[in-house]
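Trainee: The structure is given below, and queries will be raised subsequently.
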Amino acid sequence: MFLPDYYEFCARVKTVAGHRALDRIPELLSSLGSSRPMIVTDRGVVGAGLIKLVNAAMKGSKAKIGALYDETPPDSEYTVVNSVAKLYRAKKCDSILAVGGGSVMDTAKGVNILASLGGSNIQDYEGAGAVRRKLKPLIAIPTTSGTGSEVTLVAVIADHKRKVKIPFTSYFLLPDIALLDSRMTKTLPPFLTAPTAMDALTHACEAYYCLAKNPLSDATAIAAIRLISANLLKVIKKPGDLQGRLDLANGAILAGMAFSNSMVGIVHNLGHATGGVCGVPHGVCMSLFLPYGLEYNLHKRAGEIGELLFPLAGPEVYAATPVKQRPEKTIEYIRGMNQDLHDATGGRHARFLKEIVDRDGRQLVPVEKLPEIARTAQGDGTKVYNPEDVSYDDALMVLEHAYEGKPLDRKRIKKG
Amino acid sequence: MNHDSYPEIKPGKKTLKRIYIAVMLLIVGRAIQAACRTDSTVKKEFQNFKDGFAFSLGVHPFGPWMIVGRDEKGRAKYLGWKPEGKKISLKMNIKNVEAAMLVFTFMESTSVAFARNRFVVDGDLIDALAIVRVLDLVEVYLLPKLIAGLAVKRYPKWSELSPVKKHLGRIVIYTRALLGF
């Protein structure tokens, strides 16, 4: 077991998980002293009828929904956060129910900063630890099994002017309650279930090899990988499998606990930059960059990467693979997962950058954008936590390989 | 109950450690100014900052600090050790003296210190990362490879920083830092 000289771990979010966990909302709001929550969500969640489930759970409660904001964009964004905070104040809300995926959660966290601490511009709170006081109650109800934002101290909010995604980190950004209900992810289509769950898998894998890893983040990361690996393809093939959905949701929350405490590295570094520059959904970036992140850090973290084979592939494969071959086998296994998801979603799960297209079939990441992505990655905080340094040249080299879908040329990795 | 049996305990000042950190901050601050006039990468980083940019690096809550800003020509300028009365766009504080000692005795790299939650960063994170890159490069110039290797994640290869450039740069930066120009 890896024991660092020093570590910090904080996972103080009360978690309520089950097939009908939503029914607890009135009582949970009351326990937080809240009677007028604002719902922050997006159109997709409303369209899938999930807000109806929340409303149904609120029936007979003393609490009233003070406002429903359902226009959260796919990427949480500064101007949206600022205007929703205004709405929160105008409607005299006293807490937030965040119902959605990562963007909704991060928007809700941003709104909560302004609603609780004052001000009209979330950019005033940029930085690590700039939020230093307890915020208003926030209940996070994820509708994807990926982001883990329901238990993390991070909110990633995009600045479209600068084409960057800025992380806000503070223990006060941890929601008060995370509520996992299998019904909330049941309607998520396979082509979205795949990248969001791969996002969670990436959180766990990066948590296991990045600089702040510790025994507690390791334990949660391993448990997360086991749940995600065992259930992802099963759920893709049978979307109505409620137990599989709940298992994935638990995997995502465990992965969230892991990475919230050990942070993430190059996969998120390149993913945030690709998302910021080209508007690629976060989970898609995570799936395709994950094998490259493992390859890039292999010379510094071979032992850890080899250990990931156990929760990923199971005890039989792990035991049958010689120790020296386990790190390579882990990378091969994850590439295999991406291929299986690609096949199971009729080709909608992208395996490399060149394959990513928008709804109209247009390529989202043109090759000429790679230098801009590499430059943007230099301003993303996750680079600090990666075991190996990631310079502009390194980032560009990885992007070029990920664009074509070729394994990394190991000779080109500079070893520190 | 005799209240005198329960004395107040005043925290120690750790004066020697503070003096050591203050000296290190002075050297690093002046070395950043010097490196900006010697090394093109450091120069470029400072040119990318906005007009009027200044950052402080120090120890929470009582210091010591160093303040470095960008002058009108886009060059780094050491602005002393007192943050009072200065408009500082980026504040990077190490949470306590002991954590600062780990960083300034190079027992912990800047990255590991960040990972161990030893810093509070108030300001633009993109600027903070640029400062981390500058600090890493300045450490490579100031310190022998054996020590600098502990302070930075990856010591530059010959192709990135030739020994001639490094040693010449070291002499110039030390001279300028000592003379303060």
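Convention: chains lettered A, B, ... in structure tokens order; per-chain residue numbering from 1; ligands numbered from 1 as shown.
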Determine which residues of chain A sit within 9 Å of chain B, taking into account only C-alpha atoms, and present them as a tab-separated table (two decimals) with N, CA and C atoms, in the first residue's frame.
Mentor:
chain	number	residue	atom	x	y	z
A	6	TYR	N	2.50	12.66	3.86
A	6	TYR	CA	1.44	13.55	4.32
A	6	TYR	C	0.30	13.48	3.32
A	7	TYR	N	-0.93	13.49	3.80
A	7	TYR	CA	-2.06	13.60	2.87
A	7	TYR	C	-3.27	14.19	3.58
A	8	GLU	N	-4.21	14.66	2.79
A	8	GLU	CA	-5.48	15.16	3.31
A	8	GLU	C	-6.59	14.41	2.58
A	123	GLN	N	-16.12	35.38	-11.25
A	123	GLN	CA	-14.67	35.43	-11.48
A	123	GLN	C	-13.90	36.00	-10.27
A	124	ASP	N	-14.61	36.77	-9.43
A	124	ASP	CA	-13.97	37.31	-8.24
A	124	ASP	C	-13.54	36.21	-7.27
A	125	TYR	N	-14.07	35.00	-7.45
A	125	TYR	CA	-13.76	33.92	-6.52
A	125	TYR	C	-12.86	32.86	-7.15
A	126	GLU	N	-12.21	33.20	-8.26
A	126	GLU	CA	-11.31	32.25	-8.93
A	126	GLU	C	-10.15	31.87	-8.01
A	127	GLY	N	-9.68	30.67	-8.17
A	127	GLY	CA	-8.48	30.28	-7.43
A	127	GLY	C	-8.72	29.08	-6.54
A	128	ALA	N	-7.63	28.61	-5.92
A	128	ALA	CA	-7.74	27.46	-5.02
A	128	ALA	C	-7.91	27.99	-3.61
A	129	GLY	N	-9.03	27.72	-3.01
A	129	GLY	CA	-9.25	28.13	-1.63
A	129	GLY	C	-9.74	29.55	-1.48
A	130	ALA	N	-10.21	30.18	-2.57
A	130	ALA	CA	-10.69	31.56	-2.47
A	130	ALA	C	-12.06	31.64	-1.80
A	166	ILE	N	-12.12	27.12	-16.02
A	166	ILE	CA	-11.43	27.47	-14.79
A	166	ILE	C	-11.97	26.63	-13.62
A	167	PRO	N	-11.07	25.92	-12.91
A	167	PRO	CA	-11.56	25.19	-11.74
A	167	PRO	C	-11.60	26.08	-10.49
A	210	CYS	N	-2.10	9.97	-9.56
A	210	CYS	CA	-1.66	11.38	-9.49
A	210	CYS	C	-0.99	11.73	-8.16
A	211	LEU	N	-0.45	12.94	-8.10
A	211	LEU	CA	0.47	13.30	-7.02
A	211	LEU	C	-0.12	13.26	-5.62
A	212	ALA	N	-1.41	13.51	-5.48
A	212	ALA	CA	-1.97	13.56	-4.11
A	212	ALA	C	-2.64	12.25	-3.72
A	213	LYS	N	-2.30	11.17	-4.40
A	213	LYS	CA	-2.92	9.88	-4.07
A	213	LYS	C	-2.60	9.50	-2.63
A	262	SER	N	-7.40	13.38	-4.47
A	262	SER	CA	-6.05	13.15	-4.99
A	262	SER	C	-5.83	13.93	-6.28
A	263	MET	N	-6.90	14.55	-6.74
A	263	MET	CA	-6.87	15.37	-7.96
A	263	MET	C	-6.55	14.52	-9.20
A	378	GLN	N	-1.70	24.46	-21.01
A	378	GLN	CA	-0.66	24.99	-20.12
A	378	GLN	C	-1.25	25.87	-19.01
A	379	GLY	N	-2.47	26.36	-19.24
A	379	GLY	CA	-3.11	27.20	-18.23
A	379	GLY	C	-4.13	26.46	-17.40
A	380	ASP	N	-4.15	25.14	-17.50
A	380	ASP	CA	-5.12	24.36	-16.73
A	380	ASP	C	-4.45	23.76	-15.49
A	381	GLY	N	-5.09	23.97	-14.35
A	381	GLY	CA	-4.49	23.61	-13.07
A	381	GLY	C	-4.18	22.14	-12.87
A	383	LYS	N	-2.59	20.17	-14.55
A	383	LYS	CA	-1.22	19.83	-14.98
A	383	LYS	C	-0.28	19.70	-13.78
A	384	VAL	N	-0.57	20.46	-12.73
A	384	VAL	CA	0.29	20.44	-11.54
A	384	VAL	C	0.29	19.06	-10.88
A	385	TYR	N	-0.84	18.38	-10.93
A	385	TYR	CA	-0.98	17.13	-10.17
A	385	TYR	C	-0.53	15.89	-10.95
A	386	ASN	N	-0.16	16.07	-12.22
A	386	ASN	CA	0.28	14.92	-13.01
A	386	ASN	C	1.69	14.52	-12.58
A	387	PRO	N	1.97	13.22	-12.46
A	387	PRO	CA	3.31	12.82	-12.02
A	387	PRO	C	4.43	13.34	-12.92
A	388	GLU	N	4.25	13.27	-14.23
A	388	GLU	CA	5.28	13.76	-15.16
A	388	GLU	C	4.91	15.17	-15.61
A	389	ASP	N	5.91	15.99	-15.83
A	389	ASP	CA	5.65	17.35	-16.30
A	389	ASP	C	5.01	17.29	-17.70
A	414	LYS	N	9.37	12.60	-22.65
A	414	LYS	CA	10.55	13.08	-21.90
A	414	LYS	C	10.40	12.62	-20.46
A	415	LYS	N	11.42	11.96	-19.97
A	415	LYS	CA	11.30	11.37	-18.63
A	415	LYS	C	12.04	12.20	-17.59
A	416	GLY	N	11.30	12.67	-16.59
A	416	GLY	CA	11.90	13.49	-15.55
A	416	GLY	C	12.31	12.69	-14.34
Trainee: Could you go through stretch 26-165 of chain B and tell me which residues DSSP, when run on the backbone, assigns to alpha helix (DSSP H), listing them as an MDAnalysis selection string?
Mentor: chainID B and resid 26:36 40:48 97:104 110:115 125:142 145:151 163:165
Trainee: For the atom pair atom CA of A:Ile222 and atom CA of A:Met337, what is the interatomic distance in Å to one decimal place?
Mentor: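 Those two atoms sit 17.1 Å apart.
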Trainee: Of the candidates A:His299, A:Arg36, A:His401, A:Lys86, which shows the shortest atom-to-atom distance to A:Lys64, using only C-alpha atoms?
Mentor: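 Closest to A:Lys64, using only C-alpha atoms: A:Arg36.
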Trainee: Residues within 10 Å of A:Pro327, please, as a count of residues only. Count only C-alpha atoms; anything in the same chain fewer than 2 positions from it doesn't count.
Mentor: 22
Trainee: Just how far from atom CA of A:Asp241 is atom CA of A:Ile96, in Å to one decimal?
Mentor: 29.4 Å
Trainee: Excluding B:Ile131 and residues on its chain fewer than 5 positions from it, collect all residues at most 9 Å away from it, counting only C-alpha atoms, and give them as a ChimeraX atom specification.
Mentor: /B:45-46,55,126,136
